[in-house]
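What's in entry-v9.txt: compact mmCIF, C-alpha atoms
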# COMPACT_ATOMS: atom_id res chain seq x y z
CA TRP S 1 10.63 -20.94 -4.54
CA MET S 2 11.66 -20.73 -8.19
CA LEU S 3 15.08 -22.18 -7.40
CA THR S 4 13.52 -25.26 -5.79
CA ALA S 5 11.57 -26.18 -8.95
CA LYS S 6 12.79 -29.18 -10.95
CA SER S 7 12.25 -27.34 -14.23
CA SER S 8 12.51 -23.80 -15.52
CA PRO S 9 9.66 -21.41 -14.70
CA SER S 10 6.53 -21.48 -16.80
CA PRO S 11 5.53 -18.40 -18.85
CA ARG S 12 3.04 -17.64 -16.08
CA GLY S 13 5.81 -17.89 -13.51
CA TRP S 14 7.96 -15.46 -15.50
CA TYR S 15 5.26 -12.83 -15.92
CA ALA S 16 4.36 -13.13 -12.23
CA LEU S 17 8.00 -12.47 -11.38
CA GLY S 18 8.00 -9.55 -13.81
CA LEU S 19 4.99 -8.03 -12.06
CA PHE S 20 6.67 -8.37 -8.68
CA VAL S 21 9.93 -6.81 -9.90
CA ALA S 22 7.98 -3.96 -11.52
CA TRP S 23 6.16 -3.41 -8.22
CA PHE S 24 9.50 -3.16 -6.44
CA LEU S 25 11.03 -0.82 -9.01
CA ARG S 26 8.04 1.51 -8.91
CA TYR S 27 8.76 2.29 -5.29
CA SER S 28 12.47 2.72 -5.99
CA LEU S 29 12.29 4.87 -9.12
CA TRP S 30 8.92 6.61 -9.43
CA TRP S 31 9.36 8.78 -6.36
CA PRO S 32 13.14 8.83 -5.80
CA TRP S 33 14.37 9.24 -2.26
CA ASP S 34 17.16 11.80 -1.94
CA GLY S 35 18.37 10.32 1.33
CA TRP S 36 20.97 8.33 -0.60
CA THR S 37 22.75 11.56 -1.55
CA VAL S 38 21.92 14.15 1.13
CA GLY S 39 21.42 11.94 4.18
CA LEU S 40 18.49 11.58 6.58
CA ARG S 41 16.76 14.94 7.04
CA THR S 42 13.19 13.95 7.90
CA GLU S 43 11.45 11.19 9.83
CA ASP S 44 8.13 9.58 9.01
CA TRP S 45 5.39 10.82 11.35
CA ARG S 46 4.55 7.25 12.38
CA TYR S 47 7.90 6.84 14.11
CA ILE S 48 7.51 10.16 15.89
CA ASP S 49 3.96 9.31 16.93
CA LEU S 50 5.03 5.92 18.28
CA ALA S 51 7.81 7.50 20.36
CA GLU S 52 5.44 10.10 21.80
CA LYS S 53 2.83 7.52 22.76
CA ILE S 54 5.23 5.29 24.69
CA GLY S 55 7.27 8.07 26.27
CA GLY S 56 10.44 8.23 24.23
CA VAL S 57 12.93 6.21 22.22
CA GLY S 58 13.81 3.35 24.55
CA ARG S 59 13.94 -0.42 24.34
CA LEU S 60 10.17 -0.68 23.99
CA TYR S 61 10.24 1.74 21.07
CA TRP S 62 12.80 -0.33 19.16
CA LEU S 63 10.88 -3.54 19.86
CA LEU S 64 7.60 -2.06 18.62
CA SER S 65 9.34 -0.41 15.67
CA LEU S 66 10.87 -3.74 14.64
CA THR S 67 7.64 -5.72 14.93
CA SER S 68 4.94 -3.26 13.84
CA LEU S 69 6.75 -0.97 11.40
CA HIS S 70 9.22 -3.37 9.79
CA LEU S 71 8.38 -7.05 10.22
CA THR S 72 4.64 -6.57 9.65
CA PRO S 73 5.04 -5.07 6.13
CA SER S 74 7.52 -7.85 5.28
CA LEU S 75 5.04 -10.50 6.39
CA LEU S 76 2.28 -8.82 4.40
CA VAL S 77 4.36 -9.04 1.22
CA PHE S 78 5.22 -12.68 1.98
CA PHE S 79 1.56 -13.63 2.35
CA GLY S 80 0.71 -11.52 -0.70
CA LEU S 81 3.10 -13.70 -2.67
CA GLY S 82 1.89 -16.86 -0.96
CA PRO S 83 -0.55 -17.86 -3.73
CA LEU S 84 2.40 -18.02 -6.14
CA GLN S 85 4.25 -20.63 -4.09
CA ARG S 86 2.90 -23.63 -5.98
CA LEU S 87 3.20 -21.80 -9.30
CA TRP S 88 6.89 -21.07 -8.78
CA THR S 89 7.87 -24.37 -7.15
CA SER S 90 6.18 -26.46 -9.86
CA GLY S 91 8.04 -24.85 -12.75
CA ALA S 92 6.89 -25.39 -16.31
CA SER S 93 6.14 -29.09 -15.82
CA GLY S 94 2.41 -29.63 -16.32
CA ALA S 95 1.64 -25.92 -16.22
CA PRO S 96 -1.61 -25.00 -18.00
CA PRO S 97 -1.27 -22.64 -20.97
CA LEU S 98 -1.81 -18.93 -20.61
CA GLY S 99 -5.41 -17.82 -20.95
CA ALA S 100 -7.89 -15.02 -20.47
CA LEU S 101 -7.53 -15.14 -16.68
CA ASP S 102 -3.83 -14.39 -17.05
CA ALA S 103 -4.61 -11.33 -19.14
CA ILE S 104 -7.04 -10.15 -16.46
CA ALA S 105 -4.50 -10.73 -13.69
CA ALA S 106 -1.71 -8.91 -15.49
CA ALA S 107 -4.02 -6.05 -16.46
CA ILE S 108 -5.22 -5.58 -12.86
CA SER S 109 -1.72 -5.55 -11.36
CA MET S 110 -0.23 -3.33 -14.07
CA ALA S 111 -3.14 -0.89 -13.93
CA ALA S 112 -2.84 -0.78 -10.13
CA MET S 113 0.87 0.07 -10.36
CA LEU S 114 0.31 2.80 -12.93
CA ALA S 115 -2.60 4.27 -10.98
CA ASN S 116 -0.57 4.11 -7.77
CA GLY S 117 2.23 6.07 -9.40
CA ALA S 118 -0.25 8.57 -10.82
CA ALA S 119 -1.82 9.08 -7.38
CA ASP S 120 1.60 9.64 -5.79
CA THR S 121 2.52 12.16 -8.49
CA GLN S 122 -0.80 14.00 -8.16
CA LEU S 123 -0.37 14.26 -4.39
CA TRP S 124 3.25 15.40 -4.72
CA ARG S 125 2.33 18.18 -7.13
CA PHE S 126 -0.62 19.24 -4.98
CA ARG S 127 1.55 19.45 -1.87
CA GLN S 128 4.16 21.44 -3.76
CA ARG S 129 1.52 24.02 -4.64
CA ALA S 130 -0.06 24.00 -1.18
CA ALA S 131 3.12 24.01 0.91
CA HIS S 132 4.21 27.18 2.64
CA PRO S 133 7.64 28.64 1.77
CA GLY S 134 10.44 26.55 3.20
CA ALA S 135 8.45 23.32 3.33
CA ALA S 136 9.27 22.18 -0.20
CA GLN S 137 12.22 20.12 1.02
CA HIS S 138 10.12 18.25 3.60
CA LEU S 139 6.91 17.46 1.75
CA GLU S 140 6.84 13.86 2.99
CA THR S 141 6.60 14.85 6.67
CA GLU S 142 5.38 18.47 6.68
CA HIS S 143 1.77 18.92 7.75
CA CYS S 144 -0.38 20.14 4.86
CA ALA S 145 -3.49 22.06 5.91
CA LYS S 146 -5.25 21.39 2.61
CA THR S 147 -6.75 18.17 1.27
CA CYS S 148 -6.06 16.94 -2.24
CA ARG S 149 -9.28 16.25 -4.15
CA GLN S 150 -7.83 16.25 -7.62
CA GLY S 151 -7.38 13.37 -10.03
CA LEU S 152 -7.75 9.99 -8.36
CA TRP S 153 -8.03 11.72 -4.98
CA ALA S 154 -11.51 12.90 -5.94
CA TYR S 155 -12.75 9.30 -5.87
CA SER S 156 -10.85 7.87 -2.90
CA ARG S 157 -9.29 9.48 0.16
CA HIS S 158 -6.37 7.08 -0.22
CA PRO S 159 -6.13 5.95 -3.86
CA ASN S 160 -2.49 4.95 -3.35
CA TYR S 161 -3.52 2.48 -0.64
CA CYS S 162 -6.39 1.22 -2.80
CA CYS S 163 -4.09 0.60 -5.76
CA GLU S 164 -1.48 -1.09 -3.58
CA ALA S 165 -4.04 -3.59 -2.27
CA THR S 166 -5.46 -4.09 -5.78
CA PHE S 167 -2.01 -5.06 -7.09
CA TRP S 168 -2.04 -8.09 -4.79
CA LEU S 169 -5.50 -9.02 -6.00
CA GLY S 170 -3.99 -9.33 -9.47
CA ILE S 171 -1.26 -11.57 -8.05
CA ALA S 172 -3.88 -13.84 -6.48
CA ILE S 173 -5.75 -14.09 -9.79
CA CYS S 174 -2.49 -14.95 -11.54
CA ALA S 175 -2.01 -17.86 -9.14
CA LEU S 176 -5.63 -18.91 -9.67
CA ALA S 177 -5.04 -19.09 -13.42
CA GLY S 178 -2.28 -21.64 -12.84
CA ASP S 179 -4.19 -23.71 -10.29
CA THR S 180 -6.65 -25.50 -12.54
CA GLU S 181 -6.81 -28.46 -10.12
CA GLY S 182 -7.70 -26.35 -7.08
CA ALA S 183 -4.67 -27.64 -5.18
CA VAL S 184 -4.02 -24.35 -3.36
CA PRO S 185 -6.20 -23.97 -0.22
CA LEU S 186 -8.56 -21.00 -0.37
CA ARG S 187 -7.06 -19.39 2.72
CA TRP S 188 -3.60 -19.47 1.08
CA ALA S 189 -4.90 -18.47 -2.35
CA TRP S 190 -6.89 -15.42 -1.21
CA GLY S 191 -5.81 -14.76 2.35
CA GLY S 192 -2.93 -12.50 1.37
CA SER S 193 -4.95 -10.18 -0.86
CA VAL S 194 -7.85 -10.02 1.63
CA VAL S 195 -5.47 -9.13 4.47
CA MET S 196 -3.90 -6.45 2.25
CA PHE S 197 -7.26 -4.74 1.80
CA MET S 198 -7.96 -5.00 5.53
CA PHE S 199 -4.53 -3.67 6.46
CA PHE S 200 -4.77 -0.66 4.15
CA ARG S 201 -8.31 0.11 5.28
CA VAL S 202 -7.05 0.31 8.87
CA SER S 203 -4.01 2.31 7.73
CA ALA S 204 -6.33 4.72 5.93
CA SER S 205 -8.24 5.25 9.17
CA LEU S 206 -5.01 6.08 11.01
CA MET S 207 -4.20 8.66 8.35
CA ASP S 208 -7.74 10.05 8.55
CA ALA S 209 -7.51 10.45 12.32
CA ARG S 210 -4.35 12.51 11.81
CA SER S 211 -5.95 14.57 9.03
CA LEU S 212 -8.93 15.39 11.23
CA LYS S 213 -6.50 17.08 13.62
CA HIS S 214 -4.52 19.02 11.03
CA ARG S 215 -6.88 19.73 8.13
CA LYS S 216 -9.85 22.01 8.48
CA GLY S 217 -12.95 20.60 6.84
CA PHE S 218 -11.58 17.06 6.53
CA ALA S 219 -14.65 15.67 8.28
CA LYS S 220 -16.70 16.89 5.32
CA VAL S 221 -14.31 15.10 2.96
CA MET S 222 -14.88 11.90 4.92
CA GLN S 223 -18.63 12.35 4.40
CA GLU S 224 -18.25 12.69 0.63
CA VAL S 225 -15.32 10.51 -0.47
CA PRO S 226 -14.79 6.83 0.45
CA ALA S 227 -11.60 5.90 2.26
CA LEU S 228 -10.41 3.17 -0.07
CA LEU S 229 -12.82 1.44 -2.43
CA PRO S 230 -15.88 2.99 -4.13
CA VAL S 231 -18.28 1.37 -1.68
CA PRO S 232 -21.62 2.91 -0.58
CA MET S 233 -20.90 5.88 1.66
CA ALA S 234 -23.21 4.54 4.38
CA LEU S 235 -20.98 1.47 4.73
CA ASP S 236 -17.83 3.56 4.57
CA ARG S 237 -19.06 5.92 7.29
CA LEU S 238 -19.92 2.93 9.48
CA LEU S 239 -16.35 1.66 9.14
CA ASP S 240 -15.03 5.15 9.91
CA LYS S 241 -17.04 5.24 13.15
CA ILE S 242 -15.48 1.91 14.14
CA LEU S 243 -11.91 2.58 13.05
CA VAL S 244 -11.38 6.35 13.51
CA PRO S 245 -11.21 7.40 17.18
CA GLY S 246 -13.57 10.29 17.97
CA TYR S 247 -15.24 10.29 14.55
CA THR S 248 -19.02 10.66 14.59
Target encoding C-alpha cells, full file:
Amino acid sequence: WMLTAKSSPSPRGWYALGLFVAWFLRYSLWWPWDGWTVGLRTEDWRYIDLAEKIGGVGRLYWLLSLTSLHLTPSLLVFFGLGPLQRLWTSGASGAPPLGALDAIAAAISMAAMLANGAADTQLWRFRQRAAHPGAAQHLETEHCAKTCRQGLWAYSRHPNYCCEATFWLGIAICALAGDTEGAVPLRWAWGGSVVMFMFFRVSASLMDARSLKHRKGFAKVMQEVPALLPVPMALDRLLDKILVPGYT
C-alpha cells in the first residue's frame, strides 16, 4: 500500500508503520523461541486436539490446519490493517496534521503491546514456579494444574488476548485520525478491530474449556474474573454459557 502512493508517507503513516513493526518484533524478541537452535521439540495443543478430533493426521487435517490455524490469523491481521489502506496509499499529499487523536491511538497500541509482554512474562514466571520437575523445557505445551491470578491475570483470565485485540483498536483510531473526510466506510474502518475482539473472546472460551478439564477450581475463577474485558460478570457468565461447552 505504501509503495503505491504517489508521495512519501505522511508522519501518521510512518508512526502507524512503526507500531506495526513493533507489534511484529514483540512476538519475535520478547519471548524468544528456541526452536531455531534446538529444533522442534513440542507441538501446540491446538494441533494435537485437531488431529484427535478428526481421527489422525491425514489430508483433512492438513486442509483444516491450513485454513483454520494459518490462513485465518493471516486474514485477521490483514483486516486489522485494513483501516490504514487509505492512509498508506494516499501518502503525505493532503494528509491532516497530527493531533490529539493520534496521541491517543499511539498510546493505546503501545500500552497494549507493553501490557501484552508483561502478561506473557508474568505467566511464564508463574508456570516456571508451578511446573513439576522436568517440565521446565516444555512450559508452552505442558499442562499446568494451577491458575495464574497474579499481576494482570488477576483482572482478566486472558490479559494477553485482551491486549492483542486492544492493539488493533489503536490502529483503527490511528486511521480515524487521518480520515477527516469520512471517506473510509465504517465496516472497513472498524470491522477489523471488532472482529479481533470477537475472535479472541471465542479463543478465550476454547482455552477455558481446556482449563476446566485440567485445572481444579477453574470454574470458580470463571465466576470471579472476566474472560477478556472488565465487563460486568453477569454478562461475562452469559457469554461463557454460550461459548464454553458444558459450562453452567
Let me have the centre and edge lengths in Å, one decimal, of the box along x, y and z around every listed atom of segment 108-111 of chain S with 6 Å of margin on each side, as lines of an AutoDock Vina configuration file.
center_x = -2.7
center_y = -3.2
center_z = -12.7
size_x = 17.0
size_y = 16.7
size_z = 14.7
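The space separating atom CA of Ala209 of chain S from atom CA of Pro245 of chain S comes to 6.8 Å.
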Shell around Lys220 of chain S at 12 Å using only C-alpha atoms, local window under 6 positions removed, as number ranges by chain: S: 147, 157, 208, 211-212, 226, 237, 247-248
Enter the distance from atom CA of Ser205 of chain S to atom CA of Ala172 of chain S, in Å, rounded to one decimal.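 Distance between the two atoms: 25.1 Å.
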Find the residues around segment 62-68 of chain S up to 9 Å (only C-alpha atoms counted), leave out those fewer than 4 positions away in its own chain, and share them as an NGL selection string. :S and (47 or 50 or 57-58 or 72-73)
Atom CA of Asp102 of chain S sits from atom CA of Ala227 of chain S at a separation of 29.1 Å
Which of these residues is nearest to Phe20 of chain S, using all atoms listed in the file: S:Thr89, S:Ser8, S:Ser109, S:Asn160?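 Looking at the shortest contact to Phe20 of chain S, the residue is S:Ser109.
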Of S:Leu243, S:Ile54, S:Leu101, S:Val184, the one nearest to Ser203 of chain S when counting all atoms listed in the file is S:Leu243
